[in-house]
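Dropping input.txt in here (compact mmCIF, C-alpha atoms):
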```txt
# COMPACT_ATOMS: atom_id res chain seq x y z
CA MET A 5 0.00 0.00 0.00
CA LYS A 6 1.05 3.61 -0.51
CA ILE A 7 1.20 5.05 2.98
CA GLY A 8 2.08 8.56 4.12
CA ILE A 9 3.38 9.35 7.59
CA ILE A 10 2.77 12.94 8.68
CA GLY A 11 5.21 13.77 11.47
CA THR A 12 8.54 11.95 11.77
CA GLY A 13 9.21 12.31 15.46
CA TYR A 14 9.42 9.37 17.82
CA VAL A 15 6.12 7.71 16.88
CA GLY A 16 6.17 8.72 13.22
CA MET A 17 9.70 7.49 12.51
CA VAL A 18 9.19 4.13 14.21
CA THR A 19 5.85 3.73 12.39
CA ALA A 20 7.41 4.62 9.03
CA VAL A 21 10.25 2.16 9.44
CA GLY A 22 7.95 -0.52 10.87
CA LEU A 23 5.42 -0.29 8.04
CA ALA A 24 8.25 -0.43 5.50
CA GLU A 25 9.50 -3.60 7.21
CA LEU A 26 5.97 -5.04 6.81
CA GLY A 27 6.34 -4.54 3.05
CA HIS A 28 4.49 -1.29 2.38
CA ASN A 29 5.62 1.71 0.35
CA VAL A 30 6.01 4.52 2.86
CA THR A 31 6.66 8.24 2.53
CA GLY A 32 7.42 10.29 5.63
CA THR A 33 7.05 14.04 5.84
CA ASP A 34 7.62 16.69 8.49
CA ILE A 35 7.54 20.48 8.85
CA VAL A 36 11.11 20.42 10.20
CA PRO A 37 13.38 20.29 7.11
CA GLU A 38 16.39 19.05 9.09
CA LYS A 39 14.51 15.91 10.13
CA ILE A 40 13.75 15.04 6.49
CA ASP A 41 17.30 15.76 5.33
CA LYS A 42 18.79 13.56 8.05
CA ALA A 43 16.23 10.80 7.48
CA ASN A 44 17.12 10.68 3.79
CA GLN A 45 20.74 10.24 4.84
CA GLY A 46 19.78 7.32 7.07
CA ILE A 47 20.16 9.29 10.30
CA ALA A 48 17.41 8.69 12.85
CA PRO A 49 16.21 11.74 14.87
CA ILE A 50 16.28 9.73 18.11
CA TYR A 51 18.27 6.94 19.67
CA GLU A 52 16.26 3.74 19.60
CA PRO A 53 17.80 0.26 19.34
CA GLY A 54 17.46 -1.14 15.81
CA LEU A 55 15.83 1.97 14.33
CA GLU A 56 18.70 3.35 12.28
CA GLU A 57 19.57 -0.06 10.86
CA LEU A 58 16.03 -0.55 9.52
CA LEU A 59 15.92 3.04 8.29
CA LYS A 60 19.02 2.49 6.15
CA LYS A 61 17.78 -0.93 4.99
CA HIS A 62 14.52 0.38 3.56
CA LEU A 63 15.97 3.57 2.12
CA LYS A 64 18.31 1.32 0.17
CA ALA A 65 15.46 -1.03 -0.77
CA GLY A 66 13.48 1.93 -2.09
CA ASN A 67 10.20 1.34 -0.26
CA LEU A 68 10.86 4.12 2.28
CA THR A 69 11.36 7.76 1.34
CA PHE A 70 11.12 11.13 3.05
CA SER A 71 9.77 14.32 1.53
CA HIS A 72 9.63 18.01 2.41
CA ASP A 73 6.43 18.32 0.35
CA LEU A 74 3.45 17.62 2.61
CA ASP A 75 0.91 18.40 -0.11
CA CYS A 76 2.52 15.93 -2.50
CA THR A 77 2.68 13.26 0.20
CA ILE A 78 -1.03 13.71 0.89
CA SER A 79 -2.08 13.57 -2.75
CA SER A 80 0.16 10.65 -3.73
CA THR A 81 -0.79 8.23 -0.94
CA ASP A 82 -3.94 6.29 -0.07
CA VAL A 83 -3.55 6.01 3.71
CA LEU A 84 -2.26 8.81 5.94
CA PHE A 85 -1.00 8.16 9.46
CA VAL A 86 -1.11 11.39 11.48
CA SER A 87 1.65 11.27 14.09
CA VAL A 88 2.18 14.93 14.88
CA ASN A 89 2.95 16.29 18.31
CA THR A 90 0.10 16.89 20.80
CA PRO A 91 1.94 18.75 23.59
CA GLN A 92 0.43 19.30 26.98
CA GLN A 93 -1.06 22.68 27.84
CA GLU A 94 -1.12 24.31 31.28
CA ASP A 95 -4.57 22.93 32.12
CA GLY A 96 -3.50 19.37 31.28
CA SER A 97 -5.30 19.23 27.95
CA ALA A 98 -3.56 18.31 24.70
CA ASP A 99 -2.67 21.06 22.25
CA MET A 100 -4.45 19.90 19.10
CA SER A 101 -3.35 22.76 16.84
CA PHE A 102 -0.97 20.53 14.85
CA VAL A 103 -3.72 17.97 14.30
CA GLU A 104 -6.08 20.69 13.10
CA SER A 105 -3.44 22.14 10.77
CA VAL A 106 -2.76 18.74 9.22
CA SER A 107 -6.50 18.10 8.84
CA ARG A 108 -6.84 21.31 6.85
CA ARG A 109 -3.92 20.39 4.59
CA ILE A 110 -5.46 16.98 3.97
CA ALA A 111 -8.77 18.63 3.09
CA GLU A 112 -7.08 21.02 0.65
CA ASN A 113 -5.27 18.15 -1.11
CA LEU A 114 -8.00 15.53 -1.13
CA ASN A 115 -7.86 14.07 -4.64
CA ASN A 116 -9.34 10.58 -4.14
CA TYR A 117 -10.54 8.38 -1.29
CA LYS A 118 -8.24 8.66 1.73
CA LEU A 119 -8.09 6.84 5.03
CA ILE A 120 -6.82 9.22 7.73
CA VAL A 121 -5.47 7.31 10.71
CA GLU A 122 -4.90 8.92 14.11
CA LYS A 123 -1.56 7.63 15.35
CA SER A 124 -0.81 10.43 17.82
CA THR A 125 -2.26 10.10 21.31
CA VAL A 126 -5.40 12.21 21.14
CA PRO A 127 -8.41 12.86 23.40
CA VAL A 128 -11.55 10.85 22.85
CA LYS A 129 -13.82 12.49 20.23
CA THR A 130 -10.86 13.89 18.24
CA SER A 131 -12.01 11.98 15.15
CA SER A 132 -15.22 14.03 15.11
CA TRP A 133 -13.20 17.24 14.93
CA ILE A 134 -10.94 15.87 12.19
CA LYS A 135 -13.96 14.94 10.09
CA ARG A 136 -15.54 18.33 10.67
CA ILE A 137 -12.37 20.19 9.64
CA ILE A 138 -11.94 18.12 6.48
CA CYS A 139 -15.60 18.60 5.53
CA LEU A 140 -15.31 22.36 6.07
CA TYR A 141 -12.15 22.84 4.01
CA LYS A 142 -12.14 20.15 1.32
CA LYS A 143 -12.22 21.58 -2.21
CA GLN A 144 -13.62 18.51 -3.94
CA ASP A 145 -16.27 16.05 -2.88
CA TYR A 146 -14.17 12.94 -2.39
CA GLU A 147 -14.98 10.38 0.27
CA PHE A 148 -12.70 9.77 3.22
CA ASP A 149 -12.67 7.86 6.48
CA VAL A 150 -11.05 8.64 9.82
CA ALA A 151 -9.76 5.82 11.99
CA SER A 152 -7.84 5.43 15.23
CA ASN A 153 -4.79 3.18 15.58
CA PRO A 154 -3.11 4.14 18.86
CA GLU A 155 0.57 3.28 19.36
CA PHE A 156 1.86 1.24 22.28
CA LEU A 157 5.58 1.75 21.77
CA ARG A 158 7.90 1.64 24.75
CA GLU A 159 10.94 3.81 24.40
CA GLY A 160 13.99 1.59 24.38
CA SER A 161 12.14 -1.28 22.68
CA ALA A 162 9.91 0.57 20.21
CA VAL A 163 11.04 -1.21 17.04
CA LYS A 164 10.55 -4.60 18.69
CA ASP A 165 7.16 -3.50 20.01
CA PHE A 166 6.04 -2.46 16.52
CA LEU A 167 7.20 -5.66 14.85
CA GLU A 168 6.13 -7.98 17.69
CA PRO A 169 2.99 -6.29 19.05
CA GLU A 170 0.91 -7.64 21.90
CA ARG A 171 -2.16 -6.06 20.33
CA ILE A 172 -3.23 -3.88 17.41
CA ILE A 173 -6.15 -1.59 18.24
CA ILE A 174 -8.20 -0.42 15.27
CA GLY A 175 -11.05 2.04 15.78
CA VAL A 176 -13.23 2.47 12.69
CA GLU A 177 -16.67 3.54 11.52
CA THR A 178 -16.85 1.75 8.17
CA ASP A 179 -16.12 -1.71 6.79
CA LYS A 180 -13.85 -0.13 4.18
CA ALA A 181 -11.63 1.48 6.81
CA ARG A 182 -11.56 -1.77 8.80
CA ASP A 183 -10.56 -3.80 5.74
CA ILE A 184 -7.74 -1.42 4.82
CA LEU A 185 -6.21 -1.40 8.28
CA THR A 186 -6.53 -5.14 8.76
CA LYS A 187 -4.78 -5.57 5.41
CA ILE A 188 -1.96 -3.26 6.52
CA TYR A 189 -1.52 -5.35 9.66
CA LYS A 190 -2.39 -8.74 8.11
CA LYS A 191 0.76 -10.27 9.61
CA PHE A 192 -0.80 -9.73 13.04
CA GLN A 193 -4.36 -10.90 12.33
CA ASP A 194 -4.59 -12.83 15.59
CA ARG A 195 -3.72 -9.72 17.63
CA ILE A 196 -6.14 -7.22 16.09
CA LEU A 197 -9.01 -5.78 18.15
CA VAL A 198 -11.54 -3.78 16.14
CA THR A 199 -13.63 -1.21 18.02
CA ASN A 200 -15.42 2.03 17.34
CA ILE A 201 -13.24 5.13 17.26
CA ASP A 202 -14.12 6.52 20.70
CA THR A 203 -13.14 3.21 22.28
CA ALA A 204 -9.81 3.06 20.47
CA GLU A 205 -8.98 6.65 21.41
CA LEU A 206 -9.75 5.96 25.05
CA ILE A 207 -7.77 2.69 25.25
CA LYS A 208 -4.42 4.47 24.96
CA HIS A 209 -5.07 7.01 27.72
CA ALA A 210 -6.63 4.35 29.95
CA SER A 211 -3.70 1.95 29.47
CA ASN A 212 -0.98 4.48 30.27
CA SER A 213 -2.87 5.91 33.22
CA PHE A 214 -3.37 2.45 34.72
CA LEU A 215 0.35 1.63 34.39
CA ALA A 216 1.26 4.97 35.95
CA MET A 217 -1.12 4.14 38.81
CA LYS A 218 0.73 0.86 39.44
CA ILE A 219 4.04 2.73 39.68
CA SER A 220 2.67 5.34 42.08
CA PHE A 221 1.01 2.62 44.15
CA ILE A 222 4.20 0.66 44.69
CA ASN A 223 6.03 3.89 45.50
CA LEU A 224 3.47 4.57 48.24
CA ILE A 225 4.06 1.06 49.55
CA SER A 226 7.80 1.78 49.54
CA ASP A 227 7.13 4.65 51.95
CA LEU A 228 5.42 2.20 54.31
CA CYS A 229 8.33 -0.21 53.95
CA GLU A 230 10.78 2.49 55.00
CA LYS A 231 8.80 2.99 58.20
CA THR A 232 8.93 -0.74 58.97
CA ASP A 233 11.25 -3.71 58.40
CA ALA A 234 9.51 -4.65 55.15
CA ASP A 235 11.34 -4.85 51.80
CA VAL A 236 9.45 -3.27 48.91
CA GLU A 237 11.21 -5.51 46.38
CA LEU A 238 9.82 -8.61 48.07
CA VAL A 239 6.41 -7.00 48.59
CA ALA A 240 6.28 -6.28 44.84
CA LYS A 241 7.44 -9.82 44.03
CA GLY A 242 4.75 -11.29 46.26
CA MET A 243 2.11 -9.08 44.67
CA GLY A 244 3.30 -9.83 41.16
CA LEU A 245 2.96 -13.57 41.61
CA ASP A 246 -0.78 -13.00 41.62
CA THR A 247 -1.71 -13.30 37.94
CA ARG A 248 -4.53 -10.81 38.45
CA ILE A 249 -1.91 -8.18 39.32
CA GLY A 250 1.24 -9.17 37.42
CA LYS A 251 4.81 -8.14 38.17
CA GLN A 252 5.25 -5.43 35.53
CA PHE A 253 5.34 -1.77 36.62
CA LEU A 254 5.66 -2.71 40.29
CA LYS A 255 9.15 -1.27 40.57
CA ALA A 256 9.65 1.27 43.33
CA GLY A 257 11.96 4.16 42.57
CA ILE A 258 12.23 7.84 41.88
CA GLY A 259 9.06 7.89 39.77
CA TYR A 260 8.01 7.77 36.14
CA GLY A 261 8.81 10.33 33.44
CA GLY A 262 8.89 10.48 29.66
CA SER A 263 6.54 11.92 27.10
CA CYS A 264 3.59 9.60 27.76
CA PHE A 265 2.74 8.79 31.37
CA PRO A 266 2.80 12.30 32.88
CA LYS A 267 1.01 13.81 29.90
CA ASP A 268 -1.56 11.04 29.47
CA VAL A 269 -2.52 10.94 33.15
CA ARG A 270 -3.15 14.70 33.19
CA ALA A 271 -4.90 14.59 29.82
CA LEU A 272 -7.29 11.89 31.02
CA VAL A 273 -8.07 13.94 34.13
CA LYS A 274 -8.90 16.91 31.87
CA ILE A 275 -11.00 14.73 29.57
CA GLY A 276 -12.94 13.60 32.63
CA GLU A 277 -13.46 17.18 33.75
CA ASP A 278 -14.73 18.18 30.31
CA LEU A 279 -17.16 15.27 30.27
CA GLY A 280 -18.28 15.67 33.89
CA VAL A 281 -16.50 12.57 35.21
CA ASP A 282 -14.49 12.81 38.45
CA LEU A 283 -11.04 11.25 37.94
CA ASN A 284 -9.48 12.44 41.19
CA LEU A 285 -7.84 9.04 41.59
CA LEU A 286 -5.50 9.97 38.74
CA LYS A 287 -4.78 13.36 40.29
CA GLU A 288 -3.40 11.49 43.28
CA VAL A 289 -1.34 9.25 40.99
CA ASP A 290 0.28 12.36 39.54
CA LYS A 291 0.72 13.93 42.97
CA VAL A 292 2.49 10.82 44.33
CA ASN A 293 4.81 10.74 41.34
CA ILE A 294 5.78 14.40 41.68
CA SER A 295 6.59 13.83 45.37
CA ARG A 296 9.21 11.18 44.53
CA VAL A 297 11.90 13.70 43.65
CA LYS A 298 11.57 15.54 46.97
CA LYS A 299 11.72 12.27 48.88
CA PHE A 300 14.83 11.27 46.96
CA VAL A 301 16.56 14.61 47.56
CA ASP A 302 15.65 14.28 51.25
CA LYS A 303 17.70 11.05 51.26
CA VAL A 304 20.62 12.96 49.77
CA LYS A 305 20.30 15.60 52.48
CA LYS A 306 20.06 12.92 55.15
CA ALA A 307 23.34 11.48 53.92
CA LEU A 308 25.24 14.76 53.33
CA TRP A 309 23.42 17.24 55.63
CA ILE A 310 24.58 20.42 53.87
CA LEU A 311 24.61 20.24 50.05
CA LYS A 312 26.30 23.55 49.38
CA GLY A 313 29.80 22.95 48.09
CA LYS A 314 29.39 19.16 48.00
CA LYS A 315 30.53 17.25 44.92
CA ILE A 316 27.81 14.88 43.72
CA ALA A 317 27.92 12.40 40.85
CA VAL A 318 24.64 11.73 39.02
CA LEU A 319 24.50 8.59 36.89
CA GLY A 320 21.53 8.40 34.54
CA LEU A 321 19.86 11.37 32.84
CA ALA A 322 17.38 9.74 30.44
CA PHE A 323 13.95 9.06 31.90
CA LYS A 324 14.51 5.32 31.34
CA PRO A 325 17.24 3.04 29.94
CA GLU A 326 17.86 2.48 26.21
CA THR A 327 16.74 5.95 25.16
CA ASP A 328 18.17 9.45 24.93
CA ASP A 329 14.82 11.00 25.86
CA ILE A 330 14.88 13.37 28.84
CA ARG A 331 11.30 14.66 28.58
CA ASN A 332 9.86 14.84 32.11
CA ALA A 333 12.89 12.89 33.34
CA PRO A 334 13.19 12.82 37.15
CA SER A 335 16.88 13.66 36.71
CA ILE A 336 16.00 17.20 35.63
CA SER A 337 14.14 18.00 38.84
CA VAL A 338 16.85 16.36 40.94
CA ILE A 339 19.60 18.33 39.20
CA HIS A 340 17.77 21.64 39.49
CA THR A 341 17.11 21.05 43.19
CA LEU A 342 20.73 20.16 43.88
CA GLN A 343 21.86 23.21 41.91
CA SER A 344 19.62 25.46 43.99
CA GLU A 345 21.26 24.02 47.12
CA GLY A 346 24.73 24.95 45.80
CA ALA A 347 26.07 21.48 44.99
CA GLN A 348 28.67 20.84 42.30
CA LEU A 349 27.44 18.17 39.91
CA PHE A 350 29.20 15.61 37.76
CA LEU A 351 26.78 14.06 35.25
CA TYR A 352 26.95 10.95 33.09
CA ASP A 353 24.55 9.02 30.84
CA PRO A 354 25.35 6.62 27.99
CA LYS A 355 23.03 8.35 25.49
CA ALA A 356 21.25 11.40 26.91
CA MET A 357 24.02 13.90 27.72
CA ASP A 358 23.69 15.93 24.51
CA ASN A 359 19.98 16.41 25.14
CA MET A 360 20.57 17.29 28.79
CA LYS A 361 23.17 19.91 27.89
CA ARG A 362 20.38 21.90 26.22
CA VAL A 363 18.49 21.97 29.53
CA VAL A 364 21.40 22.05 31.98
CA PRO A 365 24.41 23.71 30.29
CA GLU A 366 27.96 22.93 31.34
CA SER A 367 29.44 25.39 33.83
CA ASP A 368 31.88 25.54 36.70
CA LYS A 369 29.17 23.83 38.79
CA VAL A 370 28.02 21.28 36.19
CA VAL A 371 30.47 18.91 34.52
CA TYR A 372 29.58 16.20 31.99
CA ALA A 373 31.87 13.20 32.42
CA GLU A 374 33.10 10.75 29.79
CA SER A 375 32.50 7.72 32.01
CA PRO A 376 30.94 6.76 35.34
CA TYR A 377 34.41 6.44 36.84
CA GLU A 378 35.35 9.96 35.76
CA ALA A 379 32.06 11.25 37.20
CA VAL A 380 32.61 9.82 40.69
CA LYS A 381 36.22 10.96 41.16
CA ASP A 382 36.61 12.84 44.48
CA THR A 383 32.82 13.12 44.98
CA ASN A 384 30.96 13.11 48.29
CA ALA A 385 28.02 11.05 47.00
CA LEU A 386 26.88 9.00 44.02
CA LEU A 387 23.24 9.11 42.87
CA ILE A 388 21.69 6.48 40.59
CA ILE A 389 18.77 7.98 38.67
CA THR A 390 18.37 5.72 35.61
CA GLU A 391 18.76 1.93 35.71
CA TRP A 392 21.09 1.44 32.73
CA ASP A 393 22.63 -2.05 32.63
CA GLU A 394 26.02 -0.34 32.42
CA PHE A 395 25.55 0.87 35.99
CA ARG A 396 24.61 -2.58 37.27
CA CYS A 397 27.98 -3.84 36.03
CA LEU A 398 30.17 -1.13 37.55
CA ASP A 399 33.30 -2.09 39.46
CA LEU A 400 32.05 -0.86 42.82
CA LYS A 401 35.40 -1.46 44.50
CA LYS A 402 36.97 0.93 42.02
CA ILE A 403 34.10 3.39 42.51
CA LYS A 404 34.67 3.37 46.26
CA GLU A 405 38.39 4.03 45.84
CA LEU A 406 37.73 6.98 43.53
CA MET A 407 35.16 8.69 45.78
CA ALA A 408 36.01 11.08 48.58
CA ASN A 409 33.11 9.65 50.62
CA PRO A 410 31.62 6.26 49.67
CA ILE A 411 27.97 7.30 49.89
CA LEU A 412 25.58 5.76 47.35
CA ILE A 413 21.93 6.81 46.99
CA ASP A 414 20.22 4.36 44.66
CA GLY A 415 17.02 5.75 43.16
CA ARG A 416 16.26 2.57 41.20
CA ASN A 417 17.23 -0.23 43.63
CA ILE A 418 19.71 -1.73 41.18
CA TYR A 419 22.08 -3.00 43.88
CA ALA A 420 21.69 -5.52 46.70
CA PRO A 421 22.02 -3.57 49.97
CA GLU A 422 24.05 -6.23 51.80
CA GLU A 423 26.61 -6.57 49.01
CA VAL A 424 27.12 -2.82 48.64
CA ARG A 425 27.45 -2.27 52.38
CA LYS A 426 29.97 -5.12 52.64
CA LEU A 427 32.14 -3.15 50.23
CA GLY A 428 32.12 -0.25 52.67
CA PHE A 429 29.48 2.00 51.16
CA GLU A 430 26.93 3.98 53.12
CA TYR A 431 23.95 2.89 51.07
CA TYR A 432 20.44 4.33 50.71
CA SER A 433 17.74 2.87 48.46
CA ILE A 434 13.96 3.00 47.99
CA GLY A 435 11.70 1.08 50.36
CA ARG A 436 14.43 -1.19 51.70
```
Please lay out the structure from this file as structure tokens.
Amino acid sequence: MKIGIIGTGYVGMVTAVGLAELGHNVTGTDIVPEKIDKANQGIAPIYEPGLEELLKKHLKAGNLTFSHDLDCTISSTDVLFVSVNTPQQEDGSADMSFVESVSRRIAENLNNYKLIVEKSTVPVKTSSWIKRIICLYKKQDYEFDVASNPEFLREGSAVKDFLEPERIIIGVETDKARDILTKIYKKFQDRILVTNIDTAELIKHASNSFLAMKISFINLISDLCEKTDADVELVAKGMGLDTRIGKQFLKAGIGYGGSCFPKDVRALVKIGEDLGVDLNLLKEVDKVNISRVKKFVDKVKKALWILKGKKIAVLGLAFKPETDDIRNAPSISVIHTLQSEGAQLFLYDPKAMDNMKRVVPESDKVVYAESPYEAVKDTNALLIITEWDEFRCLDLKKIKELMANPILIDGRNIYAPEEVRKLGFEYYSIGR
């Protein structure tokens, strides 16, 4: 099929490459010229395992191209996946201006039947607005359908998630739209769930909000564990053995971040407000998550007392491992708090340092290190913010020798307390 991808950010690029891998002819387009130029050179806009390899493969094969010409992409394709940004506004709602703008461009270039597929995370009832905009601005009376096909891509394993999906959600209004989308995803026929559009739109927000709730719940339990002799890791393991609960997302730590969970929780709260449904439960989920950074910094203060003038190593800047994404990363709030207290910081991350430098520039108080070992040299404390496998494999004996004070505050519980303390560290973790 001839498929156009409008928006080549995180979701759009993975979708473009994934659909090309499924055998379709795909054209990606974006309003940012640099993204298109780099994509045509085989350079992915983000770090994601396996993405750049597939990008180069299908550019070479000729079934994946990128164009600056949005109008041409619209007119020359049969199916359009809309994967533009829907940033959060101050009231928690999604900014839908990019979706509206794209809908108008589609209307102006409608030259035959088109299937417009919502791929961005959008509020329920967005499809009605897309249809209204296209009907208002279309120049010729061609038929079209709008469908919803929400993405469930986890940063760090997005390519794998696309090519080995647990489920494909398709929200449609017509048999024609259903048949086209099931043909696109025919390889995954046994994993397709067809619903109406409102249902499909709501599934994404509901899924992410529920997972965020699990994280905030286990973090609350970790607070109870710290007031008792309980171990949150074992509490979570015991809970997870119940198949009704499951072990995933029961990992206590410094809280969730990224572009999805914080935004989607707040967006669903706002959707509820607009529709007269009280979703205060999710407000508390968000509140608990925000409180994690303060609780973590309190542990740092407990260990160091006065932060002014202290040298602190921070390992892990991305919001999760295997990505360079720092959007809503807990590390940002931790760093800003430590800066305000007058600490000198030494930062390291395998992939996210370039992105962090745009938010926290280098200075005499902020140094970006080339390795974890360089970061910890002569420091008074070491903080673990992101659970990269690289950090699990550190030579802790060497780390201890390099530090001025062997104090380790583990925000992700990646070490066994007994083993670290045997090495001579003063060790603090979450809920243990």
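Taking atom CA of His28 of chain A and atom CA of Phe192 of chain A as the two end points, the separation is 14.6 Å.
With all atoms listed in the file as the atoms that count, the residue of A:Glu378, A:Thr90, A:Ile222, A:Val126 with the shortest distance to Met243 of chain A is A:Ile222.
In this structure, atom CA of Gln45 of chain A sits 16.9 Å away from atom CA of Gly16 of chain A.
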Next on the checklist: Residues near segment 397-413 of chain A, anyone? I mean within 10 Å using all atoms listed in the file, not counting same-chain ones fewer than 2 positions away, as an MDAnalysis selection string.
Outcome noted: chainID A and resid 300:301 303:304 307:308 315:318 376:389 392:395 415:419 424:425 427:434
Item to check | Residue neighbourhood Asp149 of chain A, 7 Å, all atoms listed in the file, exclusion window fewer than 2 positions, as a VMD selection string | outcome: chain A and resid 118 to 120 151 181
Item to check | Residue with smallest distance to Ile184 of chain A - pool A:Asp268, A:Glu94, A:Asp290, A:Asp82, counting all atoms listed in the file | outcome: A:Asp82
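Using only C-alpha atoms, the shortest contact distance between Ser105 of chain A and any of A:Ala24, A:Ala43, A:Ile10, A:Val176 is found at A:Ile10.
Using all atoms listed in the file, the nearest neighbour of Ser344 of chain A within the list A:Glu170, A:Ile7, A:Gly313, A:Lys143 is A:Gly313.
Polymer residues near (22.3, 8.2, 19.8): counting all atoms listed in the file with a cut-off of 9 Å, they are A:Ala48, A:Pro49, A:Ile50, A:Tyr51, A:Glu52, A:Thr327, A:Asp328, A:Pro354, A:Lys355, A:Ala356.
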Checklist entry - Could you name the residues that touch Gly54 of chain A at 12 Å or less, counting all atoms listed in the file, but leaving out those on the same chain fewer than 5 positions away, as number ranges by chain? => result A: 18, 21-22, 25, 48, 59-61, 159-167, 326-327
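You will find atom CA of Pro334 of chain A at 27.2 Å from atom CA of Glu277 of chain A.
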Checklist entry - Out of A:Thr341, A:Thr199, A:Gln348, A:Thr232, which residue has the shortest atom-to-atom distance to Lys314 of chain A when counting all atoms listed in the file? => result A:Gln348
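Every protein or nucleic acid residue with an atom no more than 8 Å from Phe70 of chain A, counting only C-alpha atoms and leaving out same-chain residues fewer than 3 positions away, appears here: Thr31, Gly32, Thr33, Ile40, Ala43 and Asn44 of chain A.
The shortest atom-to-atom distance to Asp302 of chain A, with all atoms listed in the file taken into account, belongs to A:Glu345 out of A:Cys229, A:Lys180, A:Arg331, A:Glu345.
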